[in-house]
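Novice: File follows, query_2.cif with mmCIF, C-alpha atoms:
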```
data_entry
loop_
_atom_site.label_atom_id
_atom_site.label_comp_id
_atom_site.auth_asym_id
_atom_site.auth_seq_id
_atom_site.Cartn_x
_atom_site.Cartn_y
_atom_site.Cartn_z
CA LYS A 681 120.68 83.14 80.08
CA GLU A 682 118.88 86.46 80.33
CA THR A 683 115.32 87.08 81.47
CA THR A 684 113.39 90.00 79.97
CA PHE A 685 110.15 91.37 81.38
CA GLU A 686 108.13 93.76 79.22
CA MET A 687 105.43 95.64 81.14
CA PRO A 688 103.87 98.72 79.51
CA TRP A 689 103.13 101.74 81.71
CA ALA A 690 99.50 102.09 82.75
CA ARG A 691 99.15 105.63 81.38
CA ASP A 692 95.43 105.47 80.59
CA PRO A 693 93.57 107.55 83.22
CA LYS A 694 90.33 105.76 82.25
CA SER A 695 91.67 102.23 82.63
CA LYS A 696 88.92 100.04 84.06
CA LEU A 697 91.47 97.80 85.77
CA ARG A 698 93.16 100.73 87.50
CA GLU A 699 89.79 102.08 88.56
CA ALA A 700 88.81 98.69 89.98
CA LEU A 701 92.11 98.56 91.89
CA VAL A 702 91.58 102.17 93.05
CA GLN A 703 94.96 103.11 91.57
CA GLU A 704 95.94 106.26 89.73
CA HIS A 705 97.36 106.10 86.22
CA ILE A 706 101.11 106.42 85.61
CA ASN A 707 102.59 109.71 84.40
CA ASP A 708 106.11 110.93 83.58
CA LYS A 709 106.74 112.15 87.12
CA LYS A 710 105.95 108.73 88.58
CA ILE A 711 108.12 107.01 85.98
CA GLU A 712 111.03 109.28 86.90
CA GLN A 713 110.61 108.46 90.59
CA PHE A 714 110.38 104.75 89.81
CA PHE A 715 113.67 104.98 87.91
CA ILE A 716 115.35 106.78 90.82
CA ASP A 717 114.07 104.15 93.26
CA CYS A 718 115.29 101.29 91.05
CA GLU A 719 118.70 102.88 90.70
CA SER A 720 118.99 103.29 94.47
CA VAL A 721 118.00 99.69 95.23
CA LEU A 722 120.12 98.08 92.49
CA ASN A 723 123.20 99.92 93.73
CA GLN A 724 123.13 97.81 96.86
CA SER A 725 121.18 94.70 95.90
CA LEU A 726 123.80 92.10 94.89
CA LEU A 727 125.62 91.60 98.19
CA PHE A 728 123.55 88.64 99.37
CA LEU A 729 122.01 87.32 96.14
CA LYS A 730 124.32 84.38 95.46
CA ASN A 731 122.72 83.42 92.13
CA LEU A 732 123.07 86.87 90.53
CA ASN A 733 126.35 88.24 89.24
CA LYS A 734 125.25 91.21 87.17
CA ILE A 735 122.31 93.61 86.93
CA GLU A 736 121.77 96.22 84.23
CA LEU A 737 119.24 99.05 84.39
CA LYS A 738 118.17 100.51 81.06
CA ARG A 739 115.94 103.44 80.22
CA ASN A 740 114.51 103.87 76.73
CA GLY A 741 116.93 101.20 75.56
CA HIS A 742 120.02 102.97 76.94
CA SER A 743 122.12 101.51 79.74
CA LYS A 744 122.03 103.72 82.84
CA LEU A 745 123.51 101.46 85.48
CA VAL A 746 125.47 98.21 85.50
CA VAL A 747 126.23 96.50 88.80
CA GLU A 748 128.52 93.48 88.71
CA ILE A 749 129.87 91.37 91.56
CA LYS A 750 132.93 89.12 91.81
CA ARG A 751 133.27 86.69 94.68
CA GLN A 752 136.42 85.20 96.17
CA GLY A 753 136.68 82.54 98.84
CA LYS A 754 134.11 80.26 100.38
CA SER A 755 131.83 80.25 103.40
CA PRO A 756 132.22 81.26 106.21
CA LYS A 757 134.24 84.21 104.90
CA LYS A 758 134.20 85.71 101.41
CA LYS A 759 135.69 88.74 99.72
CA LEU A 760 133.42 90.58 97.31
CA SER A 761 134.20 93.21 94.71
CA ILE A 762 131.27 95.19 93.31
CA SER A 763 131.71 97.43 90.27
CA LEU A 764 129.23 100.15 89.37
CA MET A 765 129.17 101.63 85.89
CA PRO A 766 129.21 104.18 84.36
CA GLU A 767 130.57 105.77 87.56
CA LYS A 768 133.58 103.41 87.37
CA LYS A 769 133.21 102.88 91.09
CA ILE A 770 134.46 99.75 92.84
CA GLU A 771 133.42 98.63 96.31
CA GLU A 772 135.30 96.03 98.35
CA TRP A 773 133.56 93.95 101.00
CA ILE A 774 134.19 91.05 103.32
CA VAL A 775 131.18 88.90 104.19
CA PHE A 776 131.19 86.31 106.94
CA ASP A 777 128.37 83.96 107.84
CA SER A 778 127.34 81.55 110.56
CA LYS A 779 124.28 79.61 111.67
CA VAL A 780 122.28 79.98 114.85
CA GLU A 781 123.36 77.36 117.40
CA ASP A 782 121.29 74.16 117.51
CA SER A 783 120.46 74.62 121.19
CA GLU A 784 118.91 78.03 120.52
CA LEU A 785 116.98 76.67 117.55
CA ARG A 786 115.56 73.85 119.66
CA GLU A 787 114.45 76.37 122.27
CA ILE A 788 112.65 78.68 119.84
CA TYR A 789 111.08 75.72 118.01
CA LYS A 790 109.78 74.46 121.35
CA ASN A 791 108.23 77.84 122.17
CA HIS A 792 106.97 78.52 118.63
CA PRO A 793 106.29 75.20 116.80
CA ILE A 794 105.03 77.10 113.74
CA LEU A 795 108.67 77.96 112.96
CA VAL A 796 109.44 74.29 112.33
CA LYS A 797 106.95 74.27 109.47
CA ALA A 798 108.23 77.61 108.19
CA GLU A 799 111.65 76.05 107.50
CA ARG A 800 113.42 79.42 107.46
CA SER A 801 117.19 79.56 107.10
CA SER A 802 119.14 80.16 110.31
CA THR A 803 122.22 81.47 108.48
CA VAL A 804 123.22 85.05 109.22
CA HIS A 805 125.53 87.15 107.02
CA VAL A 806 127.46 90.25 108.05
CA ALA A 807 129.03 92.46 105.36
CA VAL A 808 131.79 94.92 106.21
CA LYS A 809 133.02 97.47 103.68
CA THR A 810 136.81 97.35 103.39
CA ASP A 811 137.68 99.99 100.77
CA SER A 812 138.65 103.60 101.51
CA ASN A 813 135.07 104.92 101.17
CA GLU A 814 133.67 104.05 104.57
CA LEU A 815 130.08 102.93 105.03
CA LYS A 816 128.37 105.42 107.33
CA LYS A 817 125.03 103.69 107.83
CA GLY A 818 124.43 99.97 107.50
CA LEU A 819 121.13 98.34 106.58
CA ILE A 820 119.15 95.26 107.50
CA TYR A 821 118.71 92.93 104.54
CA ALA A 822 116.09 90.25 104.04
CA TYR A 823 118.20 89.13 101.06
CA LEU A 824 117.29 92.47 99.47
CA PRO A 825 117.86 95.70 101.39
CA THR A 826 115.17 97.09 103.65
CA GLN A 827 115.17 100.71 104.76
CA GLN A 828 115.87 99.74 108.36
CA LEU A 829 119.25 100.78 109.72
CA SER A 830 121.43 98.12 111.33
CA GLN A 831 122.63 100.78 113.82
CA LEU A 832 126.21 99.84 112.85
CA PRO A 833 128.46 100.72 109.88
CA LEU A 834 127.85 97.29 108.31
CA HIS A 835 125.05 95.33 106.66
CA ILE A 836 123.26 92.38 108.24
CA ASN A 837 121.40 89.82 106.15
CA ALA A 838 119.27 86.87 107.21
CA ASP A 839 115.96 85.17 106.55
CA PHE A 840 114.14 87.83 108.56
CA TYR A 841 110.40 88.25 108.65
CA PRO A 842 109.86 91.64 107.00
CA GLU A 843 106.94 93.97 107.48
CA SER A 844 104.43 93.84 104.61
CA SER A 845 105.99 96.99 103.15
CA ARG A 846 109.48 95.38 103.26
CA LYS A 847 110.80 98.70 104.57
CA SER A 848 111.72 97.12 107.91
CA ILE A 849 111.67 93.81 109.76
CA ILE A 850 109.17 92.79 112.45
CA LEU A 851 110.48 93.65 115.91
CA SER A 852 107.21 93.98 117.81
CA GLY A 853 104.08 91.98 118.52
CA HIS A 854 105.55 89.17 120.69
CA GLN A 855 104.74 86.58 118.03
CA HIS A 856 106.95 83.96 116.39
CA ASP A 857 108.10 86.38 113.68
CA GLN A 858 109.43 88.93 116.18
CA GLN A 859 111.16 86.24 118.26
CA TRP A 860 112.77 84.74 115.16
CA ASN A 861 114.08 88.12 114.02
CA LYS A 862 115.47 88.86 117.48
CA LEU A 863 117.25 85.50 117.49
CA LEU A 864 118.90 86.26 114.14
CA LEU A 865 120.01 89.71 115.32
CA LYS A 866 121.43 88.16 118.48
CA LYS A 867 123.43 85.75 116.32
CA ALA A 868 124.70 88.68 114.24
CA ALA A 869 125.81 90.41 117.44
CA LYS A 870 127.78 87.33 118.52
CA MET A 871 129.41 87.05 115.10
CA ILE A 872 130.50 90.70 115.14
CA ALA A 873 131.95 90.37 118.64
CA ASP A 874 133.82 87.19 117.68
CA GLU A 875 135.26 88.81 114.55
CA LEU A 876 136.42 92.11 116.08
CA GLU A 877 140.07 91.12 116.28
CA ASN A 878 140.10 89.65 112.77
CA LEU A 879 138.44 92.78 111.38
CA THR A 880 141.64 94.73 112.04
CA LYS A 881 143.09 92.87 109.05
CA HIS A 882 140.46 94.43 106.79
CA ILE A 883 139.55 97.83 108.27
CA ASN A 884 141.59 100.47 110.05
CA HIS A 885 141.49 101.18 113.76
CA ASN A 886 139.34 104.27 113.29
CA GLN A 887 136.67 102.24 111.49
CA LEU A 888 136.81 99.61 114.22
CA PHE A 889 136.34 102.27 116.89
CA GLN A 890 133.36 103.69 114.99
CA LEU A 891 131.79 100.24 114.93
CA ILE A 892 132.22 99.76 118.68
CA GLU A 893 130.99 103.29 119.38
CA ALA A 894 127.88 102.71 117.24
CA ALA A 895 127.12 99.51 119.17
CA TYR A 896 127.39 101.41 122.45
CA LYS A 897 125.11 104.22 121.20
CA ALA A 898 122.51 101.69 120.05
CA HIS A 899 122.56 100.22 123.55
CA LEU A 900 122.19 103.64 125.18
CA ASN A 901 119.28 104.60 122.94
CA ASP A 902 117.23 101.58 123.99
CA GLU A 903 118.65 98.96 126.32
CA ASP A 904 115.68 96.67 125.69
CA SER A 905 115.81 96.75 121.89
CA ALA A 906 117.10 93.90 119.76
CA PHE A 907 119.98 96.12 118.69
CA SER A 908 121.30 96.44 122.26
CA GLU A 909 122.65 92.89 121.83
CA PHE A 910 125.52 94.31 119.77
CA TRP A 911 127.00 96.07 122.78
CA ASN A 912 126.08 93.28 125.19
CA CYS A 913 128.15 90.82 123.14
CA ILE A 914 131.07 93.18 122.50
CA LYS A 915 131.57 94.17 126.14
CA LYS A 916 131.87 90.54 127.32
#
```
Would you mind giving the structure from this file in structure tokens?

Specialist:
Amino acid sequence: KETTFEMPWARDPKSKLREALVQEHINDKKIEQFFIDCESVLNQSLLFLKNLNKIELKRNGHSKLVVEIKRQGKSPKKKLSISLMPEKKIEEWIVFDSKVEDSELREIYKNHPILVKAERSSTVHVAVKTDSNELKKGLIYAYLPTQQLSQLPLHINADFYPESSRKSIILSGHQHDQQWNKLLLKKAAKMIADELENLTKHINHNQLFQLIEAAYKAHLNDEDSAFSEFWNCIKK
């Protein structure tokens, strides 16, 4: 089944609703930027959305982008193939997942009881690109991509608490949301370290070296950051 949303552009500069919301009207320049933003997000949006297999972006009734995903295998390790049209581009990925250990969940629930009520998923996914076009900069996903870099040439997805803008995840404030996000990143670090040897079956040695080097650089940049866990786990 298909779902269609029809929402006319708010072009009227004298719209009472827009004035009440203190929002400017929409013009052609803003529509063009919106299209560019949609195209950018949709290009990388299907990796962790298990109930979506295909997305099409149309403009004035004409198809401008079609992203389709094919999945092989089952948890905890899947192979994904993503096709992008009309570029006729195909991306190959391997995605592995794991859950935070029960002992660590009990500890964080003890310290932050509000997380028990939140019922957030403790499953973490790591996506590694395996085709010849290497991924230079990975992103943090909260199911959909944020703009926050993972510091490694791979994507990390989990049920993170995002900032209100969804451009990044919460990694400050010393509240339950920061501690939860740090726990999920720590789990991702352990997963990556555990999978290093197996990754040689999917990526070349140069790509593996770049991953390890990126983890080390993230540690050097800020030894106290959540991203320093990548190197701490790898070096063990």

Novice: For a test of reading the model, state the distance in Å between atom CA of Leu891 of chain A and atom CA of Ile872 of chain A, rounded to one decimal.

Specialist: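 That distance, rounded to one decimal, is 9.6 Å.
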
Novice: Can you pull out the residues contacting Asp857 of chain A? Cut-off 9 Å, using only C-alpha atoms, and skip same-chain residues under 4 positions away; I want them as a list of chain:residue names.

Specialist: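 Near neighbours after the sequence-gap exclusion: A:Leu795, A:Phe840, A:Tyr841, A:Pro842, A:Ile850, A:Leu851, A:Ser852, A:Gly853, A:Asn861, A:Lys862.
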
Novice: How close does each residue of segment 785-898 of chain A get to segment 724-745 of chain A, giving the shortest atom pair and distance in Å to one decimal for every residue with an atom at most 12 Å away, counting all atoms listed in the file, sorted by chain and residue number, as a Markdown table?

Specialist:
```
| residue | atom | partner | partner_atom | distance |
| --- | --- | --- | --- | --- |
| A:Thr803 | CA | A:Phe728 | CA | 11.7 |
| A:Val804 | CA | A:Phe728 | CA | 10.5 |
| A:His805 | CA | A:Phe728 | CA | 8.0 |
| A:Val806 | CA | A:Phe728 | CA | 9.7 |
| A:Ala807 | CA | A:Leu727 | CA | 8.0 |
| A:Val808 | CA | A:Leu727 | CA | 10.6 |
| A:Lys809 | CA | A:Leu727 | CA | 10.9 |
| A:Leu815 | CA | A:Gln724 | CA | 11.9 |
| A:Gly818 | CA | A:Gln724 | CA | 10.9 |
| A:Leu819 | CA | A:Gln724 | CA | 9.9 |
| A:Ile820 | CA | A:Phe728 | CA | 11.4 |
| A:Tyr821 | CA | A:Phe728 | CA | 8.3 |
| A:Ala822 | CA | A:Phe728 | CA | 8.9 |
| A:Tyr823 | CA | A:Phe728 | CA | 5.6 |
| A:Leu824 | CA | A:Ser725 | CA | 5.7 |
| A:Pro825 | CA | A:Ser725 | CA | 6.5 |
| A:Thr826 | CA | A:Ser725 | CA | 10.1 |
| A:Gln827 | CA | A:Gln724 | CA | 11.6 |
| A:Leu834 | CA | A:Leu727 | CA | 11.8 |
| A:His835 | CA | A:Leu727 | CA | 9.3 |
| A:Ile836 | CA | A:Phe728 | CA | 9.6 |
| A:Asn837 | CA | A:Phe728 | CA | 7.2 |
| A:Ala838 | CA | A:Phe728 | CA | 9.1 |
| A:Asp839 | CA | A:Phe728 | CA | 11.0 |
```

Novice: Could you state the separation of atom CA of Asp777 of chain A and atom CA of Gln752 of chain A in Å, given to one decimal place?

Specialist: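 Computing the Euclidean distance for atom CA of Asp777 of chain A and atom CA of Gln752 of chain A yields 14.2 Å.
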
Novice: Could you tell me how far atom CA of Lys758 of chain A lies from atom CA of Ser778 of chain A, in Å and to one decimal?

Specialist: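 Rounded to one decimal, the two atoms are 12.2 Å apart.
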
Novice: Quick one: everything within 12 Å of segment 707-711 of chain A, counting all atoms listed in the file, minus sequence neighbours fewer than 2 positions away in the same chain. Send it as a PyMOL selection string.

Specialist: chain A and resi 688-693+704-705+713-718+739-740

Novice: So which one's closest to Asp782 of chain A, A:Ile914, A:Lys867, A:Gln858, A:Arg698? Using all atoms listed in the file, please.

Specialist: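 The closest residue to Asp782 of chain A is A:Lys867.
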
Novice: If you apply the PyMOL selection byres ((chain A and resi 890) around 12) to this file, what residues do you get, as a PDB file with C-alpha atoms, in the frame of the given file?

Specialist:
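In the end it all went to part.pdb:
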```
ATOM      1  CA  GLU A 814     133.670 104.050 104.570  1.00  0.00           C
ATOM      2  CA  LEU A 815     130.080 102.930 105.030  1.00  0.00           C
ATOM      3  CA  LYS A 816     128.370 105.420 107.330  1.00  0.00           C
ATOM      4  CA  LYS A 817     125.030 103.690 107.830  1.00  0.00           C
ATOM      5  CA  GLN A 831     122.630 100.780 113.820  1.00  0.00           C
ATOM      6  CA  LEU A 832     126.210  99.840 112.850  1.00  0.00           C
ATOM      7  CA  PRO A 833     128.460 100.720 109.880  1.00  0.00           C
ATOM      8  CA  LEU A 834     127.850  97.290 108.310  1.00  0.00           C
ATOM      9  CA  ILE A 883     139.550  97.830 108.270  1.00  0.00           C
ATOM     10  CA  ASN A 884     141.590 100.470 110.050  1.00  0.00           C
ATOM     11  CA  HIS A 885     141.490 101.180 113.760  1.00  0.00           C
ATOM     12  CA  ASN A 886     139.340 104.270 113.290  1.00  0.00           C
ATOM     13  CA  GLN A 887     136.670 102.240 111.490  1.00  0.00           C
ATOM     14  CA  LEU A 888     136.810  99.610 114.220  1.00  0.00           C
ATOM     15  CA  PHE A 889     136.340 102.270 116.890  1.00  0.00           C
ATOM     16  CA  LEU A 891     131.790 100.240 114.930  1.00  0.00           C
ATOM     17  CA  ILE A 892     132.220  99.760 118.680  1.00  0.00           C
ATOM     18  CA  GLU A 893     130.990 103.290 119.380  1.00  0.00           C
ATOM     19  CA  ALA A 894     127.880 102.710 117.240  1.00  0.00           C
ATOM     20  CA  ALA A 895     127.120  99.510 119.170  1.00  0.00           C
ATOM     21  CA  TYR A 896     127.390 101.410 122.450  1.00  0.00           C
ATOM     22  CA  LYS A 897     125.110 104.220 121.200  1.00  0.00           C
TER      23      LYS A 897
END
```

Novice: Could you pull out every residue with an atom within 8 Å of (108.6, 82.4, 119.9), file coordinates, counting all atoms listed in the file, and send them as a ChimeraX atom specification?

Specialist: /A:788-789,791-792,854-860

Novice: May I have the protein, DNA and RNA residues with any atom at most 12 Å from the point (121.1, 95.3, 124.6), counting only C-alpha atoms, written as an MDAnalysis selection string?

Specialist: chainID A and resid 862 865:866 869 895:915

Novice: Determine the axis-aligned bounding box of all atoms of segment 745-761 of chain A present in the file, pad each side by 3 Å, and express its centre and edge lengths in Å to one decimal place as JSON.

Specialist:
```
{"center_x": 130.1, "center_y": 90.9, "center_z": 95.8, "size_x": 19.2, "size_y": 27.2, "size_z": 26.7}
```

Novice: Would you mind telling me which residue in A:Asp811, A:Glu799, A:Glu748, A:Glu719 lies nearest to Ile774 of chain A when using all atoms listed in the file?

Specialist: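 The shortest atom-to-atom distance to Ile774 of chain A comes from A:Asp811.
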
Novice: Care to translate the PyMOL selection byres ((chain A and resi 761) around 9) into actual residues of this file, as a list in words?

Specialist: Glu748, Ile749, Lys750, Arg751, Gln752, Lys759, Leu760, Ile762, Ser763, Ile770, Glu771, Glu772, Trp773 and Ile774 of chain A

Novice: Between A:Val702, A:Met871, A:Leu697, A:Leu764, which one has atoms that come closest to Val747 of chain A, using all atoms listed in the file?

Specialist: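 Smallest distance to Val747 of chain A is found for A:Leu764.
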